[in-house]
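> I am sharing coords10.txt, which consists of compact mmCIF, C-alpha atoms:
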```txt
# COMPACT_ATOMS: atom_id res chain seq x y z
CA MET A 1 87.93 117.69 149.24
CA ILE A 2 91.59 117.33 150.14
CA ASP A 3 92.13 115.30 153.31
CA ASN A 4 94.51 117.70 155.03
CA GLN A 5 95.23 115.43 157.97
CA ARG A 6 96.19 112.56 155.67
CA LEU A 7 98.24 114.92 153.48
CA ILE A 8 100.43 116.14 156.35
CA LYS A 9 100.75 112.64 157.80
CA ASN A 10 101.93 111.33 154.44
CA PHE A 11 104.43 114.18 154.06
CA ILE A 12 105.92 113.46 157.48
CA GLU A 13 106.16 109.74 156.66
CA LEU A 14 107.88 110.49 153.35
CA ALA A 15 110.28 112.92 155.00
CA GLN A 16 111.46 110.19 157.36
CA ILE A 17 112.61 107.92 154.51
CA MET A 18 116.35 108.19 154.04
CA ALA A 19 116.87 108.31 150.27
CA PRO A 20 119.53 110.80 149.15
CA SER A 21 120.60 111.16 145.54
CA GLY A 22 121.54 107.82 144.03
CA LYS A 23 119.83 105.84 146.78
CA GLU A 24 116.15 106.47 146.06
CA ARG A 25 114.99 102.85 146.26
CA PRO A 26 113.39 103.11 149.74
CA VAL A 27 111.11 105.99 148.79
CA ALA A 28 110.35 104.43 145.39
CA GLU A 29 109.32 101.21 147.13
CA ALA A 30 106.96 103.20 149.34
CA LEU A 31 105.35 105.01 146.39
CA ILE A 32 104.87 102.24 143.83
CA PRO A 33 102.38 100.14 145.85
CA GLU A 34 100.35 103.28 146.61
CA LEU A 35 100.21 104.24 142.94
CA LYS A 36 99.14 100.74 141.94
CA LYS A 37 96.52 100.68 144.69
CA LEU A 38 95.01 103.81 143.17
CA GLY A 39 94.74 102.02 139.84
CA LEU A 40 97.58 103.65 137.95
CA GLN A 41 99.73 101.77 135.47
CA VAL A 42 103.24 102.01 136.89
CA THR A 43 106.49 101.79 134.93
CA VAL A 44 110.04 102.08 136.22
CA ASP A 45 112.43 103.09 133.47
CA GLU A 46 115.80 101.44 132.98
CA THR A 47 118.03 104.43 133.50
CA THR A 48 120.21 103.44 136.45
CA GLU A 49 123.38 103.23 134.35
CA LYS A 50 122.83 106.78 133.14
CA THR A 51 121.82 108.28 136.49
CA GLY A 52 123.98 106.30 138.91
CA SER A 53 120.91 105.68 141.04
CA ASP A 54 119.84 102.37 142.57
CA HIS A 55 116.36 102.83 141.06
CA GLY A 56 114.78 104.14 137.89
CA ASN A 57 112.37 107.03 137.44
CA ILE A 58 108.75 106.19 138.21
CA ILE A 59 106.17 106.94 135.51
CA ALA A 60 102.56 106.24 136.50
CA THR A 61 99.58 106.84 134.23
CA LEU A 62 95.84 107.23 134.70
CA PRO A 63 93.81 107.31 131.47
CA PRO A 64 91.42 110.26 130.94
CA SER A 65 87.81 110.10 132.05
CA GLU A 66 85.15 109.64 129.40
CA GLY A 67 84.77 112.81 127.37
CA MET A 68 88.21 114.15 128.23
CA GLU A 69 91.10 113.98 125.79
CA ASN A 70 94.05 115.98 127.12
CA TRP A 71 96.98 114.74 129.20
CA LYS A 72 98.93 116.55 131.92
CA ALA A 73 102.10 115.53 133.73
CA PHE A 74 102.93 116.20 137.38
CA MET A 75 106.48 115.78 138.59
CA ALA A 76 108.57 115.81 141.78
CA HIS A 77 111.93 114.28 142.62
CA MET A 78 112.47 111.48 145.12
CA ASP A 79 115.98 112.28 146.33
CA THR A 80 117.25 114.65 148.98
CA VAL A 81 120.69 116.08 149.65
CA PRO A 82 122.96 113.79 151.74
CA LEU A 83 121.84 112.94 155.28
CA PRO A 84 123.81 111.71 158.31
CA HIS A 85 120.74 109.79 159.51
CA PRO A 86 116.98 109.66 158.77
CA THR A 87 115.11 112.93 159.22
CA ARG A 88 113.01 113.35 162.35
CA PRO A 89 110.23 115.81 161.43
CA ILE A 90 108.69 117.94 164.16
CA VAL A 91 105.54 120.05 163.95
CA LYS A 92 106.14 123.44 165.56
CA GLY A 93 103.18 125.77 165.48
CA ASP A 94 101.94 125.96 161.91
CA SER A 95 105.04 124.51 160.25
CA VAL A 96 107.03 121.29 159.96
CA PHE A 97 110.75 121.35 160.81
CA SER A 98 113.46 118.73 161.21
CA ASP A 99 114.89 118.20 164.70
CA GLY A 100 117.81 120.42 163.71
CA THR A 101 120.32 117.66 162.93
CA THR A 102 119.36 117.09 159.28
CA VAL A 103 117.54 118.79 156.45
CA LEU A 104 113.76 118.33 156.50
CA GLY A 105 113.60 117.10 152.91
CA ALA A 106 110.53 119.14 152.00
CA ASP A 107 112.65 119.60 148.88
CA ASP A 108 111.06 117.58 147.43
CA ARG A 109 109.06 115.18 149.59
CA ALA A 110 106.47 117.93 150.02
CA GLY A 111 106.04 117.96 146.24
CA ILE A 112 105.49 114.20 146.24
CA ALA A 113 102.99 114.37 149.12
CA ILE A 114 101.04 117.13 147.34
CA ILE A 115 100.80 115.15 144.11
CA MET A 116 99.86 111.93 145.89
CA GLU A 117 97.09 113.54 147.95
CA ALA A 118 95.57 115.27 144.92
CA LEU A 119 95.73 111.97 143.04
CA ARG A 120 94.09 110.05 145.91
CA THR A 121 91.29 112.59 145.94
CA VAL A 122 90.72 112.26 142.20
CA VAL A 123 90.48 108.47 142.43
CA GLU A 124 88.56 108.15 145.69
CA LYS A 125 85.98 110.82 144.74
CA ASP A 126 85.80 109.50 141.17
CA LEU A 127 86.35 113.00 139.83
CA PRO A 128 86.44 113.56 136.06
CA HIS A 129 90.00 114.16 134.95
CA PRO A 130 92.23 114.42 131.89
CA GLY A 131 94.88 111.80 131.36
CA LEU A 132 97.42 112.04 134.17
CA GLU A 133 101.09 111.15 134.05
CA ILE A 134 102.79 111.13 137.44
CA ILE A 135 106.58 111.24 137.26
CA PHE A 136 108.88 110.85 140.24
CA THR A 137 112.51 111.31 139.26
CA VAL A 138 115.83 110.27 140.77
CA SER A 139 119.09 112.14 141.28
CA GLU A 140 117.78 115.66 140.84
CA GLU A 141 119.84 117.22 143.60
CA ASN A 142 123.19 116.07 142.23
CA GLY A 143 122.69 117.04 138.60
CA ILE A 144 119.06 116.57 137.43
CA TRP A 145 120.17 113.18 136.11
CA GLY A 146 116.75 111.54 136.35
CA SER A 147 115.12 114.01 133.98
CA LYS A 148 118.12 113.96 131.67
CA ALA A 149 117.73 110.18 131.31
CA LEU A 150 113.91 110.24 131.08
CA ASP A 151 112.46 109.26 127.71
CA THR A 152 109.91 112.02 127.19
CA SER A 153 108.99 110.73 123.72
CA SER A 154 106.79 108.11 125.35
CA LEU A 155 104.79 110.68 127.32
CA LYS A 156 101.36 111.79 126.13
CA SER A 157 101.15 115.03 128.09
CA SER A 158 101.14 118.41 126.35
CA MET A 159 102.28 120.22 129.51
CA ALA A 160 103.97 119.44 132.81
CA PHE A 161 103.86 120.89 136.31
CA VAL A 162 106.90 120.43 138.54
CA LEU A 163 106.25 120.94 142.26
CA ASP A 164 109.72 121.84 143.47
CA SER A 165 110.22 125.56 144.04
CA SER A 166 110.95 127.23 147.36
CA THR A 167 108.93 130.25 146.28
CA ALA A 168 105.58 130.87 147.94
CA PRO A 169 102.40 129.24 146.63
CA GLY A 170 101.20 131.32 143.71
CA ALA A 171 104.62 131.58 142.08
CA ILE A 172 105.01 130.14 138.60
CA ILE A 173 108.63 129.72 137.54
CA ALA A 174 108.51 130.29 133.78
CA THR A 175 112.14 131.32 133.31
CA ALA A 176 115.22 129.55 134.66
CA PRO A 177 118.95 129.80 133.90
CA PHE A 178 121.44 128.00 131.74
CA ALA A 179 124.25 126.66 133.92
CA THR A 180 127.76 125.40 133.20
CA ALA A 181 130.33 123.88 135.55
CA LEU A 182 134.09 124.37 135.27
CA THR A 183 136.81 122.17 136.74
CA TRP A 184 140.40 123.35 136.61
CA ASN A 185 143.52 121.47 137.58
CA VAL A 186 146.42 123.86 138.02
CA ILE A 187 149.69 121.95 137.66
CA GLY A 188 152.87 123.40 139.10
CA VAL A 189 156.24 121.89 140.02
CA ALA A 190 156.95 120.31 143.38
CA ALA A 191 160.08 121.24 145.31
CA HIS A 192 161.32 121.30 148.88
CA ALA A 193 159.93 124.52 150.34
CA GLY A 194 162.87 125.02 152.69
CA VAL A 195 165.79 123.80 150.59
CA ALA A 196 164.97 124.78 147.00
CA PRO A 197 161.69 126.68 146.73
CA GLU A 198 162.99 128.51 143.65
CA LYS A 199 162.89 125.20 141.77
CA GLY A 200 159.16 124.86 142.36
CA VAL A 201 156.08 126.40 140.80
CA ASN A 202 153.39 126.88 143.40
CA ALA A 203 150.03 125.76 142.04
CA ILE A 204 148.19 127.31 144.99
CA GLN A 205 149.65 130.72 144.26
CA ALA A 206 148.84 130.47 140.55
CA ALA A 207 145.27 129.33 141.29
CA SER A 208 144.81 132.10 143.84
CA ARG A 209 145.86 134.75 141.35
CA GLY A 210 143.38 133.39 138.82
CA ILE A 211 140.49 133.30 141.30
CA SER A 212 141.21 136.73 142.79
CA SER A 213 141.27 138.27 139.31
CA MET A 214 137.86 136.89 138.33
CA LYS A 215 134.52 138.64 138.46
CA ILE A 216 132.32 136.30 140.49
CA GLY A 217 129.16 136.58 142.59
CA ARG A 218 126.31 138.64 141.21
CA ILE A 219 127.45 139.74 137.74
CA ASP A 220 124.17 141.38 136.71
CA GLU A 221 120.43 140.86 137.21
CA GLU A 222 120.54 137.72 135.04
CA THR A 223 123.98 136.26 135.69
CA THR A 224 125.90 134.77 138.62
CA ALA A 225 129.23 132.99 139.01
CA ASN A 226 130.91 131.15 141.84
CA VAL A 227 134.08 129.35 142.80
CA GLY A 228 132.78 126.72 145.17
CA ALA A 229 135.61 124.32 145.96
CA ILE A 230 139.39 124.24 145.95
CA ARG A 231 141.74 121.55 147.15
CA GLY A 232 145.42 120.78 146.84
CA GLY A 233 148.71 120.37 148.63
CA HIS A 234 149.59 117.98 151.43
CA ALA A 235 152.47 119.44 153.46
CA THR A 236 153.89 122.86 154.39
CA ASN A 237 157.42 121.87 153.39
CA VAL A 238 156.46 121.04 149.80
CA VAL A 239 155.80 123.58 147.07
CA CYS A 240 152.31 122.54 145.98
CA ASP A 241 152.29 121.06 142.49
CA ARG A 242 148.55 120.49 141.94
CA VAL A 243 145.32 122.28 142.80
CA GLU A 244 141.77 121.39 141.75
CA ILE A 245 139.19 124.16 141.49
CA LYS A 246 135.45 123.76 140.90
CA ALA A 247 133.41 126.70 139.68
CA GLU A 248 130.18 127.48 137.86
CA ALA A 249 128.34 130.22 136.01
CA ARG A 250 124.61 130.69 135.46
CA SER A 251 122.54 133.12 133.45
CA LEU A 252 119.02 133.56 132.20
CA ASN A 253 120.68 134.81 129.00
CA GLU A 254 122.69 132.21 127.10
CA GLY A 255 124.89 134.86 125.49
CA LYS A 256 125.75 136.38 128.85
CA LEU A 257 126.62 132.91 130.16
CA LYS A 258 129.07 132.40 127.31
CA ASP A 259 130.64 135.81 128.00
CA GLN A 260 131.06 135.02 131.69
CA LEU A 261 132.57 131.62 130.98
CA ASN A 262 135.01 133.14 128.50
CA HIS A 263 136.03 135.69 131.13
CA MET A 264 136.58 133.06 133.82
CA ARG A 265 138.49 130.74 131.51
CA SER A 266 140.75 133.40 130.04
CA THR A 267 141.46 134.88 133.46
CA MET A 268 142.52 131.53 134.88
CA LYS A 269 144.62 130.67 131.82
CA LYS A 270 146.51 133.96 132.00
CA ALA A 271 147.20 133.70 135.72
CA VAL A 272 148.45 130.13 135.41
CA ALA A 273 150.68 130.99 132.46
CA ASP A 274 152.10 134.03 134.29
CA TYR A 275 153.27 131.76 137.10
CA GLY A 276 154.79 129.19 134.76
CA ALA A 277 152.22 126.54 135.66
CA SER A 278 150.01 124.58 133.30
CA LEU A 279 146.25 124.10 133.21
CA GLU A 280 143.83 121.24 132.62
CA GLU A 281 140.24 122.31 132.08
CA LYS A 282 136.91 120.48 131.96
CA ILE A 283 133.62 122.11 130.98
CA ASP A 284 130.25 120.52 131.77
CA ASP A 285 126.87 121.90 130.77
CA LYS A 286 124.84 121.35 133.96
CA TYR A 287 121.45 122.08 132.49
CA PRO A 288 119.80 124.19 129.77
CA GLY A 289 117.76 127.28 130.52
CA PHE A 290 114.22 128.04 129.44
CA SER A 291 111.83 130.95 129.16
CA LEU A 292 108.09 130.64 128.62
CA SER A 293 105.80 133.56 127.85
CA LYS A 294 102.84 134.43 130.06
CA GLU A 295 100.64 133.32 127.18
CA SER A 296 102.13 129.83 127.03
CA PRO A 297 99.36 127.24 127.60
CA VAL A 298 101.17 125.68 130.59
CA VAL A 299 101.60 129.11 132.22
CA LEU A 300 97.97 130.02 131.54
CA GLU A 301 96.78 126.73 133.02
CA ALA A 302 98.84 127.15 136.18
CA SER A 303 97.64 130.75 136.50
CA ARG A 304 94.01 129.70 136.10
CA ALA A 305 94.24 126.98 138.75
CA LEU A 306 96.06 129.14 141.28
CA GLY A 307 93.61 131.98 140.74
CA GLU A 308 90.59 129.71 141.16
CA ILE A 309 91.71 128.63 144.63
CA GLY A 310 92.20 132.22 145.73
CA LEU A 311 95.90 132.83 145.11
CA THR A 312 97.39 135.66 143.07
CA PRO A 313 99.47 134.01 140.33
CA LYS A 314 102.94 135.48 139.90
CA VAL A 315 104.88 134.51 136.79
CA THR A 316 108.54 134.87 137.69
CA SER A 317 112.09 133.63 137.19
CA THR A 318 114.65 131.84 139.33
CA GLY A 319 118.40 131.47 139.56
CA GLY A 320 118.15 127.74 140.23
CA GLY A 321 117.65 124.72 138.01
CA SER A 322 115.03 121.97 138.26
CA ASP A 323 113.47 119.12 136.34
CA ALA A 324 111.52 121.79 134.43
CA ASN A 325 114.74 122.93 132.72
CA VAL A 326 115.26 119.54 131.16
CA LEU A 327 111.61 118.94 130.26
CA ASN A 328 111.47 122.21 128.35
CA TYR A 329 114.74 121.40 126.58
CA LYS A 330 113.25 118.07 125.50
CA GLY A 331 110.16 119.76 124.10
CA LEU A 332 107.64 119.31 126.91
CA PRO A 333 106.53 122.74 128.17
CA ALA A 334 106.88 122.77 131.95
CA VAL A 335 106.71 125.24 134.82
CA ASN A 336 108.04 124.85 138.33
CA LEU A 337 105.46 125.81 140.95
CA GLY A 338 106.18 127.39 144.32
CA ILE A 339 105.33 125.07 147.21
CA GLY A 340 106.82 127.23 149.93
CA TYR A 341 109.61 125.31 151.63
CA GLN A 342 112.21 127.53 153.30
CA ARG A 343 115.96 127.25 153.99
CA ALA A 344 116.36 124.20 151.77
CA HIS A 345 119.52 122.11 152.12
CA SER A 346 120.03 123.31 155.70
CA THR A 347 119.12 122.04 159.16
CA GLU A 348 116.74 125.03 159.43
CA GLU A 349 114.64 123.84 156.47
CA HIS A 350 110.92 124.04 157.13
CA ILE A 351 107.56 124.33 155.40
CA SER A 352 104.23 125.68 156.56
CA ILE A 353 101.31 123.31 156.75
CA GLU A 354 99.20 125.91 154.97
CA SER A 355 101.57 125.92 151.98
CA ILE A 356 101.30 122.15 151.57
CA GLU A 357 97.52 122.20 151.89
CA THR A 358 97.17 125.14 149.50
CA MET A 359 99.26 123.54 146.78
CA ALA A 360 97.41 120.24 147.15
CA ARG A 361 94.19 122.14 146.35
CA ALA A 362 95.85 123.84 143.38
CA THR A 363 97.16 120.51 142.08
CA LEU A 364 93.75 118.91 142.46
CA ASN A 365 92.27 121.76 140.45
CA MET A 366 94.74 121.16 137.63
CA MET A 367 94.16 117.41 137.76
CA THR A 368 90.42 117.80 137.29
CA LYS A 369 90.28 120.33 134.45
CA ASP A 370 90.74 119.11 130.88
```
Any chance you could give the structure as structure tokens?


Amino acid sequence: MIDNQRLIKNFIELAQIMAPSGKERPVAEALIPELKKLGLQVTVDETTEKTGSDHGNIIATLPPSEGMENWKAFMAHMDTVPLPHPTRPIVKGDSVFSDGTTVLGADDRAGIAIIMEALRTVVEKDLPHPGLEIIFTVSEENGIWGSKALDTSSLKSSMAFVLDSSTAPGAIIATAPFATALTWNVIGVAAHAGVAPEKGVNAIQAASRGISSMKIGRIDEETTANVGAIRGGHATNVVCDRVEIKAEARSLNEGKLKDQLNHMRSTMKKAVADYGASLEEKIDDKYPGFSLSKESPVVLEASRALGEIGLTPKVTSTGGGSDANVLNYKGLPAVNLGIGYQRAHSTEEHISIESIETMARATLNMMTKD
């Protein structure tokens, strides 16, 4: 029943809309009229001050058909990572790519296209359906801010399906990590590097000792850590007096995350103190983790739908965060479903047409079973 030609056309149109994190208005303005045309009640929440976006989250509802009582939510995010110019999608063989100068934005315009096509099919074919809540969030890529600001207490759904995983169709992300960000400012003492270097305290050297002494990368099967950015200094003839370092740690196990953070913090503090520098530290919880059992109703429902369209469901975990992390934290059981995009956040990003079509069928199945 899915109109595959229309589905791919809509995905390509959505991918061409330039709407990175914080600037989602153009894609929101394309989606709202379509949702209203399909008969959904559309609300835009007032969360821009919390998210930093130029638009609120979109929440669109379609009441259940007669005889159906349950509600389900389907979610994707509207933003992409930053772009130098609008994406120019190209179909090559059986997949869609960008022209190689930008990301494709299948993360997560493919998720939006899948939800919209399934929804169009439900409405146009007048298919019986439970209550449907369609949620398109803002500012996911730069901190999952849309979901964090979303008022889930007003939702009627008992479960949610996020279409935003790079895993292959059939994957059900039921476990995802806790993540915390660290920002350190190492403060030394400036001095002339040629005249009186002994009067200075080199912040770069102190920071380097701290970083080189840390355990980072793959810590164990559940835990990772990274130092992702460092900046400081401005001239070779000045002993550097300030360095900023940005790092993070993630783990599927909250206790292991705390242990890794303690290790990173204590290591940096010791190195800085050994060099006679001082340290400013900021800790930000990026997002909470979650873990759902295979017997959780939302996992069972996703497994049923994927199995009915011929896929082999695979309940698995991920090292990345998504809107599902926040929904679970707020009490709405949610899984993130694999839609099959590859090389996300790079100019080699692509997605197979078959993956989009397959997940549209799976989403339609979930939208039409109470």

> Quick one: of A:Thr175, A:Ser317, A:Asn237, A:Ser352, who's nearest to A:Pro197, counting all atoms listed in the file?

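Among A:Thr175, A:Ser317, A:Asn237, A:Ser352, it is A:Asn237 that comes nearest to A:Pro197.
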
> Smallest atom-to-atom distance to A:Ala225: which of A:Ile245, A:Ala203, A:Ala106, A:Ala181, using all atoms listed in the file?

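Residue with the minimum atom-to-atom distance to A:Ala225: A:Ala181.
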
> Near stretch 357-364 of chain A, counting all atoms listed in the file, which residues have an atom at most 10 Å away, once you skip same-chain residues fewer than 3 positions from it, shown as a PyMOL selection string?

chain A and resi 1-5+7-8+74+110-111+113-122+127+129+161+163+168-170+302-311+337-340+352-354+367-369

> Could you check how far atom CA of A:Val239 sits from atom CA of A:Val186, in Å to one decimal?

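Between atom CA of A:Val239 and atom CA of A:Val186 the gap is 13.0 Å.
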
> Please compute the atom CA of A:Ser53-atom CA of A:Lys36 distance, one decimal, in Å.

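Computing the Euclidean distance for atom CA of A:Ser53 and atom CA of A:Lys36 yields 22.3 Å.
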
> What lies within 12 Å of A:Val272 using all atoms listed in the file, ignoring chain neighbours under 2 positions off, as a CSV table (one decimal) with C-alpha atoms, keeping the file's coordinate frame?


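New file part_11.csv:
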```
chain,number,residue,atom,x,y,z
A,184,TRP,CA,140.4,123.4,136.6
A,185,ASN,CA,143.5,121.5,137.6
A,186,VAL,CA,146.4,123.9,138.0
A,187,ILE,CA,149.7,122.0,137.7
A,188,GLY,CA,152.9,123.4,139.1
A,201,VAL,CA,156.1,126.4,140.8
A,202,ASN,CA,153.4,126.9,143.4
A,203,ALA,CA,150.0,125.8,142.0
A,204,ILE,CA,148.2,127.3,145.0
A,205,GLN,CA,149.6,130.7,144.3
A,206,ALA,CA,148.8,130.5,140.6
A,207,ALA,CA,145.3,129.3,141.3
A,208,SER,CA,144.8,132.1,143.8
A,209,ARG,CA,145.9,134.8,141.4
A,210,GLY,CA,143.4,133.4,138.8
A,211,ILE,CA,140.5,133.3,141.3
A,213,SER,CA,141.3,138.3,139.3
A,242,ARG,CA,148.6,120.5,141.9
A,243,VAL,CA,145.3,122.3,142.8
A,265,ARG,CA,138.5,130.7,131.5
A,266,SER,CA,140.8,133.4,130.0
A,267,THR,CA,141.5,134.9,133.5
A,268,MET,CA,142.5,131.5,134.9
A,269,LYS,CA,144.6,130.7,131.8
A,270,LYS,CA,146.5,134.0,132.0
A,274,ASP,CA,152.1,134.0,134.3
A,275,TYR,CA,153.3,131.8,137.1
A,276,GLY,CA,154.8,129.2,134.8
A,277,ALA,CA,152.2,126.5,135.7
A,278,SER,CA,150.0,124.6,133.3
A,279,LEU,CA,146.2,124.1,133.2
A,280,GLU,CA,143.8,121.2,132.6
A,281,GLU,CA,140.2,122.3,132.1
```

> Please identify all polymer residues within 7 Å of A:Phe290, counting all atoms listed in the file, omitting same-chain residues fewer than 2 positions from it, and present them as a list in words.

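The filter keeps Thr175, Ala176, Pro177, Pro288, Leu292, Asn325 and Asn328 of chain A.
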
> Could you check the closest approach to A:Trp71 for each of A:Ile216, A:Met18, A:Met366, A:Ala271 and tell me which residue wins, using all atoms listed in the file?

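Closest to A:Trp71, using all atoms listed in the file: A:Met366.
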
> Which residues come within 10 Å of A:Leu182, counting only C-alpha atoms, excluding same-chain residues fewer than 5 positions away, as a short mmCIF file (atom, residue, chain, number, x, y, z; two decimals) with C-alpha atoms, keeping the file's coordinate frame?


```cif
data_model
loop_
_atom_site.label_atom_id
_atom_site.label_comp_id
_atom_site.auth_asym_id
_atom_site.auth_seq_id
_atom_site.Cartn_x
_atom_site.Cartn_y
_atom_site.Cartn_z
CA ASN A 226 130.91 131.15 141.84
CA VAL A 227 134.08 129.35 142.80
CA ILE A 245 139.19 124.16 141.49
CA LYS A 246 135.45 123.76 140.90
CA ALA A 247 133.41 126.70 139.68
CA GLU A 248 130.18 127.48 137.86
CA ALA A 249 128.34 130.22 136.01
CA LEU A 261 132.57 131.62 130.98
CA MET A 264 136.58 133.06 133.82
CA ARG A 265 138.49 130.74 131.51
CA GLU A 281 140.24 122.31 132.08
CA LYS A 282 136.91 120.48 131.96
CA ILE A 283 133.62 122.11 130.98
CA ASP A 284 130.25 120.52 131.77
CA ASP A 285 126.87 121.90 130.77
CA LYS A 286 124.84 121.35 133.96
#
```

> Please, which residues are within 9 Å of (103.3, 113.4, 136.6) by the file's coordinates, counting only C-alpha atoms, and could they come as a list in words?

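Residues found, by chain and rising number: Ile59, Ala60, Thr61, Lys72, Ala73, Phe74, Met75, Ala76, Ile115, Leu132, Glu133, Ile134, Ile135, Phe136, Ser157, Ala160, Phe161 and Val162 of chain A.
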
> Could you check which of A:Ala149, A:Ile32, A:Val138, A:Ala324 is closest to A:Ala19, using all atoms listed in the file?

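Closest to A:Ala19 of all the choices is A:Val138.
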
> Between atom CA of A:Thr87 and atom CA of A:Ala28, what is the distance in Å, rounded to a tenth?

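Result for atom CA of A:Thr87 versus atom CA of A:Ala28: 16.9 Å, one decimal.
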
> Starting from the point (119.3, 105.8, 145.7), work out which residues of protein, DNA or RNA have an atom no more than 10 Å away when counting all atoms listed in the file; state them as a ChimeraX atom specification.

/A:18-28,48,51-56,78-80,138-139

> Check the smallest atom-to-atom distance from each of A:Asp107, A:Glu46, A:Glu198, A:Asp126 to A:Ser346 using only C-alpha atoms, then report the winner.

A:Asp107

> Between A:Gly39, A:Pro33, A:Gly143, A:Gly228, which one has atoms that come closest to A:Glu124, using all atoms listed in the file?

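Going through A:Gly39, A:Pro33, A:Gly143, A:Gly228 one by one, the smallest distance to A:Glu124 is for A:Gly39.
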
> Can you tell me which residues surround A:Glu69 at a distance of at most 9 Å, considering all atoms listed in the file, apart from same-chain residues fewer than 2 positions away, and format the answer as a list in words?

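Residues near the query, excluding close chain neighbours: Pro64, Ser65, Glu66, Gly67, Trp71, Pro130, Gly131 and Asp370 of chain A.
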